[in-house]
>>> print(open('data_31.pdb').read())   # PDB, C-alpha atoms
ATOM      1  CA  PRO A   1     -41.633  43.495  -3.288
ATOM      2  CA  GLY A   2     -44.608  44.489  -5.428
ATOM      3  CA  VAL A   3     -45.195  47.653  -3.409
ATOM      4  CA  PHE A   4     -41.530  48.601  -3.540
ATOM      5  CA  LEU A   5     -41.416  47.970  -7.284
ATOM      6  CA  THR A   6     -44.397  50.281  -7.742
ATOM      7  CA  LEU A   7     -42.713  53.015  -5.706
ATOM      8  CA  ILE A   8     -39.522  52.898  -7.812
ATOM      9  CA  SER A   9     -41.196  52.100 -11.129
ATOM     10  CA  ASP A  10     -39.357  55.007 -12.814
ATOM     11  CA  PHE A  11     -35.930  53.922 -11.500
ATOM     12  CA  PRO A  12     -33.392  54.955 -12.631
ATOM     13  CA  LYS A  13     -34.754  58.437 -13.283
ATOM     14  CA  THR A  14     -33.382  59.743 -16.563
ATOM     15  CA  ASP A  15     -34.304  62.913 -18.396
ATOM     16  CA  GLY A  16     -32.771  65.529 -20.658
ATOM     17  CA  SER A  17     -30.326  66.646 -17.956
ATOM     18  CA  THR A  18     -28.883  63.163 -17.357
ATOM     19  CA  LEU A  19     -26.217  63.715 -19.995
ATOM     20  CA  PHE A  20     -24.909  66.735 -18.061
ATOM     21  CA  PHE A  21     -24.626  64.628 -14.906
ATOM     22  CA  LEU A  22     -22.626  62.027 -16.787
ATOM     23  CA  GLN A  23     -20.165  64.636 -18.050
ATOM     24  CA  ARG A  24     -19.382  65.570 -14.446
ATOM     25  CA  THR A  25     -19.373  62.129 -12.814
ATOM     26  CA  ASP A  26     -18.519  59.723 -15.675
ATOM     27  CA  ARG A  27     -20.727  56.765 -16.503
ATOM     28  CA  ILE A  28     -19.419  54.194 -14.012
ATOM     29  CA  ASN A  29     -19.874  56.592 -11.104
ATOM     30  CA  TRP A  30     -23.403  57.282 -12.309
ATOM     31  CA  VAL A  31     -24.227  53.555 -12.192
ATOM     32  CA  LEU A  32     -22.712  53.191  -8.730
ATOM     33  CA  GLY A  33     -24.565  56.295  -7.572
ATOM     34  CA  GLN A  34     -27.866  54.826  -8.755
ATOM     35  CA  ALA A  35     -27.097  51.605  -6.897
ATOM     36  CA  LEU A  36     -26.262  53.564  -3.728
ATOM     37  CA  PHE A  37     -29.488  55.539  -4.035
ATOM     38  CA  VAL A  38     -31.579  52.376  -4.192
ATOM     39  CA  VAL A  39     -29.766  50.957  -1.140
ATOM     40  CA  PHE A  40     -30.941  53.971   0.887
ATOM     41  CA  ALA A  41     -34.421  53.644  -0.633
ATOM     42  CA  ILE A  42     -34.582  49.998   0.497
ATOM     43  CA  VAL A  43     -33.402  50.833   4.017
ATOM     44  CA  THR A  44     -36.033  53.575   4.239
ATOM     45  CA  PHE A  45     -38.771  51.285   2.913
ATOM     46  CA  ILE A  46     -37.970  48.452   5.340
ATOM     47  CA  SER A  47     -37.620  50.886   8.251
ATOM     48  CA  VAL A  48     -41.068  52.349   7.612
ATOM     49  CA  ILE A  49     -42.596  48.855   7.524
ATOM     50  CA  PHE A  50     -40.790  47.927  10.755
ATOM     51  CA  VAL A  51     -41.924  51.036  12.623
ATOM     52  CA  ALA A  52     -45.509  50.726  11.340
ATOM     53  CA  SER A  53     -45.593  47.081  12.467
ATOM     54  CA  VAL A  54     -43.953  47.428  15.885
ATOM     55  CA  LEU A  55     -45.088  50.827  17.149
ATOM     56  CA  PRO A  56     -48.820  50.025  17.558
ATOM     57  CA  ILE A  57     -48.116  46.943  19.719
ATOM     58  CA  ILE A  58     -44.908  47.950  21.498
ATOM     59  CA  HIS A  59     -46.722  48.600  24.808
ATOM     60  CA  ILE A  60     -48.058  45.021  24.979
ATOM     61  CA  ALA A  61     -45.335  43.121  23.140
ATOM     62  CA  ASP A  62     -42.985  40.577  24.685
ATOM     63  CA  PHE A  63     -39.441  40.926  23.364
ATOM     64  CA  GLU A  64     -37.992  37.678  24.691
ATOM     65  CA  ASN A  65     -36.136  35.604  22.122
ATOM     66  CA  SER A  66     -38.591  32.704  22.253
ATOM     67  CA  TRP A  67     -41.816  31.824  20.485
ATOM     68  CA  SER A  68     -45.011  32.522  22.408
ATOM     69  CA  ASP A  69     -47.500  29.897  23.569
ATOM     70  CA  VAL A  70     -49.958  31.211  20.986
ATOM     71  CA  VAL A  71     -47.525  30.520  18.158
ATOM     72  CA  MET A  72     -46.469  27.123  19.534
ATOM     73  CA  HIS A  73     -49.795  25.673  20.699
ATOM     74  CA  TYR A  74     -52.614  27.503  18.899
ATOM     75  CA  LYS A  75     -53.475  24.579  16.621
ATOM     76  CA  GLU A  76     -53.612  22.118  19.528
ATOM     77  CA  GLU A  77     -55.859  24.401  21.573
ATOM     78  CA  PHE A  78     -58.129  25.311  18.655
ATOM     79  CA  PRO A  79     -58.083  22.362  16.203
ATOM     80  CA  LYS A  80     -61.107  23.649  14.293
ATOM     81  CA  LYS A  81     -59.093  26.745  13.361
ATOM     82  CA  SER A  82     -55.900  24.856  12.520
ATOM     83  CA  MET A  83     -56.231  25.653   8.803
ATOM     84  CA  SER A  84     -56.977  29.353   9.247
ATOM     85  CA  PHE A  85     -54.673  32.077   7.967
ATOM     86  CA  GLY A  86     -53.634  33.140  11.453
ATOM     87  CA  ALA A  87     -52.783  29.607  12.538
ATOM     88  CA  ASN A  88     -50.478  29.120   9.559
ATOM     89  CA  LEU A  89     -48.917  32.569   9.471
ATOM     90  CA  ILE A  90     -45.877  31.334  11.422
ATOM     91  CA  THR A  91     -45.089  27.747  10.498
ATOM     92  CA  GLN A  92     -43.521  25.035  12.625
ATOM     93  CA  ASN A  93     -40.642  24.938  10.151
ATOM     94  CA  LEU A  94     -39.671  28.198  11.849
ATOM     95  CA  THR A  95     -40.672  27.634  15.453
ATOM     96  CA  TYR A  96     -38.925  24.260  15.721
ATOM     97  CA  GLN A  97     -35.741  25.372  13.999
ATOM     98  CA  ILE A  98     -34.975  29.096  14.385
ATOM     99  CA  SER A  99     -35.352  31.688  17.136
ATOM    100  CA  PRO A 100     -37.527  34.803  16.582
ATOM    101  CA  TYR A 101     -34.578  37.219  16.570
ATOM    102  CA  ASP A 102     -32.637  35.124  14.067
ATOM    103  CA  THR A 103     -35.719  34.803  11.895
ATOM    104  CA  ALA A 104     -36.317  38.561  11.922
ATOM    105  CA  LEU A 105     -32.678  39.372  11.130
ATOM    106  CA  GLN A 106     -32.286  36.789   8.365
ATOM    107  CA  SER A 107     -35.635  37.702   6.796
ATOM    108  CA  THR A 108     -34.825  41.410   6.779
ATOM    109  CA  LEU A 109     -31.396  40.943   5.208
ATOM    110  CA  LEU A 110     -32.656  38.557   2.532
ATOM    111  CA  VAL A 111     -35.628  40.750   1.623
ATOM    112  CA  MET A 112     -33.306  43.743   1.301
ATOM    113  CA  LEU A 113     -31.043  41.747  -1.018
ATOM    114  CA  TYR A 114     -34.115  40.685  -3.007
ATOM    115  CA  LEU A 115     -35.268  44.291  -3.458
ATOM    116  CA  PHE A 116     -31.726  45.313  -4.411
ATOM    117  CA  LEU A 117     -31.606  42.554  -7.025
ATOM    118  CA  LEU A 118     -34.911  43.680  -8.555
ATOM    119  CA  SER A 119     -33.668  47.274  -8.658
ATOM    120  CA  LEU A 120     -30.439  46.247 -10.392
ATOM    121  CA  VAL A 121     -32.439  44.350 -13.008
ATOM    122  CA  MET A 122     -34.199  47.630 -13.793
ATOM    123  CA  LEU A 123     -30.884  49.494 -13.821
ATOM    124  CA  MET A 124     -29.265  46.968 -16.157
ATOM    125  CA  PHE A 125     -32.093  47.105 -18.699
ATOM    126  CA  ASN A 126     -32.005  50.895 -18.564
ATOM    127  CA  THR A 127     -28.311  50.864 -19.480
ATOM    128  CA  MET A 128     -29.221  48.524 -22.365
ATOM    129  CA  GLY A 129     -31.666  51.133 -23.682
ATOM    130  CA  VAL A 130     -34.839  49.094 -22.966
ATOM    131  CA  LYS A 131     -35.992  50.594 -19.673
ATOM    132  CA  ILE A 132     -39.535  49.212 -19.802
ATOM    133  CA  MET A 133     -38.177  45.664 -19.960
ATOM    134  CA  GLY A 134     -36.545  46.160 -16.574
ATOM    135  CA  LEU A 135     -39.903  46.784 -14.913
ATOM    136  CA  VAL A 136     -41.541  43.920 -16.809
ATOM    137  CA  THR A 137     -38.742  41.493 -15.941
ATOM    138  CA  SER A 138     -38.738  42.450 -12.259
ATOM    139  CA  ALA A 139     -42.520  42.076 -12.074
ATOM    140  CA  GLY A 140     -42.198  38.699 -13.793
ATOM    141  CA  LEU A 141     -39.611  37.535 -11.248
ATOM    142  CA  ILE A 142     -42.006  38.433  -8.437
ATOM    143  CA  ALA A 143     -45.034  36.773 -10.052
ATOM    144  CA  ILE A 144     -43.327  33.566 -11.168
ATOM    145  CA  GLY A 145     -41.333  33.247  -7.958
ATOM    146  CA  GLY A 146     -44.457  33.679  -5.863
ATOM    147  CA  ALA A 147     -46.376  31.098  -7.873
ATOM    148  CA  LEU A 148     -43.587  28.528  -7.596
ATOM    149  CA  CYS A 149     -43.344  29.084  -3.835
ATOM    150  CA  ALA A 150     -47.103  28.563  -3.550
ATOM    151  CA  VAL A 151     -46.944  25.166  -5.293
ATOM    152  CA  ASN A 152     -43.676  24.410  -3.464
ATOM    153  CA  THR A 153     -41.711  22.910  -6.333
ATOM    154  CA  THR A 154     -37.919  22.584  -6.306
ATOM    155  CA  ILE A 155     -37.762  24.892  -9.351
ATOM    156  CA  LYS A 156     -38.599  27.734  -6.966
ATOM    157  CA  TRP A 157     -34.954  27.940  -5.889
ATOM    158  CA  ILE A 158     -34.063  29.299  -9.335
ATOM    159  CA  PHE A 159     -36.014  32.467  -8.493
ATOM    160  CA  PRO A 160     -35.047  34.924  -5.749
ATOM    161  CA  MET A 161     -38.325  35.019  -3.814
ATOM    162  CA  SER A 162     -37.921  31.507  -2.372
ATOM    163  CA  HIS A 163     -34.560  32.496  -0.896
ATOM    164  CA  THR A 164     -36.219  35.247   1.181
ATOM    165  CA  ILE A 165     -38.711  32.895   2.890
ATOM    166  CA  ILE A 166     -36.951  31.429   5.913
ATOM    167  CA  TRP A 167     -39.296  28.540   6.623
ATOM    168  CA  LEU A 168     -38.813  27.147   3.127
ATOM    169  CA  HIS A 169     -35.172  26.523   4.016
ATOM    170  CA  ASN A 170     -36.024  24.073   6.794
ATOM    171  CA  THR A 171     -37.883  20.849   7.412
ATOM    172  CA  LYS A 172     -40.357  20.665  10.279
ATOM    173  CA  PHE A 173     -38.487  18.284  12.588
ATOM    174  CA  PHE A 174     -35.038  17.459  11.226
ATOM    175  CA  ARG A 175     -31.981  19.684  11.651
ATOM    176  CA  GLN A 176     -30.807  19.007   8.097
ATOM    177  CA  PRO A 177     -31.983  22.056   6.082
ATOM    178  CA  ILE A 178     -33.610  21.862   2.667
ATOM    179  CA  MET A 179     -31.525  24.836   1.554
ATOM    180  CA  GLU A 180     -28.624  26.155   3.620
ATOM    181  CA  MET A 181     -28.908  29.848   4.442
ATOM    182  CA  TRP A 182     -25.385  30.606   3.234
ATOM    183  CA  LYS A 183     -26.352  29.354  -0.218
ATOM    184  CA  SER A 184     -29.140  31.932  -0.388
ATOM    185  CA  TYR A 185     -26.684  34.707   0.482
ATOM    186  CA  LEU A 186     -24.265  33.345  -2.120
ATOM    187  CA  TYR A 187     -27.119  33.239  -4.659
ATOM    188  CA  PHE A 188     -27.898  36.918  -4.131
ATOM    189  CA  GLY A 189     -24.230  37.893  -3.972
ATOM    190  CA  ILE A 190     -23.410  36.314  -7.331
ATOM    191  CA  ILE A 191     -26.437  37.667  -9.189
ATOM    192  CA  ILE A 192     -26.088  41.179  -7.729
ATOM    193  CA  THR A 193     -22.394  41.254  -8.676
ATOM    194  CA  VAL A 194     -23.174  40.109 -12.232
ATOM    195  CA  LEU A 195     -25.953  42.690 -12.630
ATOM    196  CA  LEU A 196     -23.682  45.493 -11.420
ATOM    197  CA  MET A 197     -20.908  44.403 -13.772
ATOM    198  CA  LEU A 198     -23.286  44.206 -16.736
ATOM    199  CA  SER A 199     -24.691  47.646 -15.920
ATOM    200  CA  CYS A 200     -21.154  49.087 -15.866
ATOM    201  CA  ILE A 201     -20.423  47.425 -19.209
ATOM    202  CA  PHE A 202     -23.634  48.438 -20.983
ATOM    203  CA  ILE A 203     -23.496  52.037 -19.734
ATOM    204  CA  ASP A 204     -20.603  52.696 -22.129
ATOM    205  CA  THR A 205     -22.906  52.121 -25.099
ATOM    206  CA  THR A 206     -26.001  53.892 -23.738
ATOM    207  CA  ASP A 207     -27.135  56.824 -25.870
ATOM    208  CA  PHE A 208     -28.293  59.534 -23.452
ATOM    209  CA  ASP A 209     -28.465  62.122 -26.229
ATOM    210  CA  SER A 210     -31.873  60.789 -27.234
ATOM    211  CA  VAL A 211     -33.292  60.572 -23.703
ATOM    212  CA  SER A 212     -36.588  62.441 -23.468
ATOM    213  CA  ASP A 213     -37.375  64.933 -20.740
ATOM    214  CA  ILE A 214     -40.459  62.843 -19.858
ATOM    215  CA  ASP A 215     -38.691  59.471 -19.797
TER     216      ASP A 215
END
>>> encode(input="data_31.pdb", output="structure tokens")
Amino acid sequence: PGVFLTLISDFPKTDGSTLFFLQRTDRINWVLGQALFVVFAIVTFISVIFVASVLPIIHIADFENSWSDVVMHYKEEFPKKSMSFGANLITQNLTYQISPYDTALQSTLLVMLYLFLLSLVMLMFNTMGVKIMGLVTSAGLIAIGGALCAVNTTIKWIFPMSHTIIWLHNTKFFRQPIMEMWKSYLYFGIIITVLLMLSCIFIDTTDFDSVSDID
């Protein structure tokens, strides 16, 4: 999310010609157009990451929908390396509970919703006339959410990052989840809807006459 936020740090792009766009589209359509733009930006961003990750290893990869022996038994075979980064990259909260394909699909969808939420935060603050606060708030959500996930406190579920990490939703052995997946989708759905509604409300009071050409 930090990389994506850096790439769209000037979102939504506004300059001296923005007022002329608004006269032709009206303000609500402008907000919806900005939201649609960022959806395509997110799809492009995730697609590039996917291709860059898969293409180099596609000739040796196994695409069966099951976890490999390396993932399942690495710690038992190499106990001295059980605390290494590689050994803990894929946790048993995943391997014992969810298949690889389901993990990949759920992770991708939730990360895309997370990036969309961060973008709408920036859009909402822009319509409020305090564009810089959108970037600061989004960066704060990433930083605080990441810190809370690292210490693994229940407060982490207030922030969006925890909802994108699949293994946090599950215990290691029991089928009863810590956080049901549908609740994470509901979490993003509610907040995204509220942010879009607020952006459509605040856009009516936004003064684009004073927007600088270098904004």
>>> residues_near_point(input="data_31.pdb", point="(-33.1, 33.3, -4.0)", cutoff="9 Å", atoms="all atoms listed in the file", output="MDAnalysis selection string")
chainID A and resid 110 114 156:165 183:185 187:188
>>> residues_around(input="data_31.pdb", residues="Ser66 (chain A)", least_positions_apart="6", cutoff="9 Å", atoms="only C-alpha atoms", output="mmCIF file with C-alpha atoms, keeping the file's coordinate frame")
data_model
loop_
_atom_site.group_PDB
_atom_site.id
_atom_site.type_symbol
_atom_site.label_atom_id
_atom_site.label_comp_id
_atom_site.auth_asym_id
_atom_site.auth_seq_id
_atom_site.Cartn_x
_atom_site.Cartn_y
_atom_site.Cartn_z
ATOM 1 C CA THR A 95 -40.672 27.634 15.453
ATOM 2 C CA SER A 99 -35.352 31.688 17.136
ATOM 3 C CA PRO A 100 -37.527 34.803 16.582
ATOM 4 C CA TYR A 101 -34.578 37.219 16.570
#
>>> residues_near_point(input="data_31.pdb", point="(-22.1, 58.0, -13.6)", cutoff="12 Å", atoms="only C-alpha atoms", output="list in words")
Pro12, Thr14, Thr18, Leu19, Phe20, Phe21, Leu22, Gln23, Arg24, Thr25, Asp26, Arg27, Ile28, Asn29, Trp30, Val31, Leu32, Gly33, Gln34, Ala35, Leu36, Thr127, Ser199, Cys200, Ile203, Asp204, Thr206 and Phe208 of chain A
>>> residues_around(input="data_31.pdb", residues="Gly2 (chain A)", least_positions_apart="3", cutoff="8 Å", atoms="all atoms listed in the file", output="PyMOL selection string")
chain A and resi 5-6+139+142
>>> atom_distance(input="data_31.pdb", atom1="CA of Trp167 (chain A)", atom2="CA of Val3 (chain A)")
22.4 Å
>>> resolve_selection(input="data_31.pdb", expression="the PyMOL selection byres ((chain A and resi 129) around 10)", output="ChimeraX atom specification")
/A:124-128,130-134,202-203,205-208,211
>>> closest_atom_pairs(input="data_31.pdb", of="region 72-176 of chain A", to="region 38-59 of chain A", cutoff="8 Å", atoms="all atoms listed in the file", output="Markdown table")
| residue | atom | partner | partner_atom | distance |
| --- | --- | --- | --- | --- |
| A:Thr108 | CA | A:Ile46 | CA | 7.8 |
| A:Met112 | CA | A:Ile42 | CA | 6.4 |
| A:Leu115 | CA | A:Ile42 | CA | 7.0 |
| A:Phe116 | CA | A:Val39 | CA | 6.8 |
| A:Ser119 | CA | A:Val38 | CA | 7.1 |
>>> atom_distance(input="data_31.pdb", atom1="CA of Phe11 (chain A)", atom2="CA of Leu135 (chain A)")
8.9 Å
>>> closest_residue(input="data_31.pdb", among="A:Ala87, A:Ala61, A:Ile166, A:Leu141", to="His73 (chain A)", atoms="all atoms listed in the file")
A:Ala87
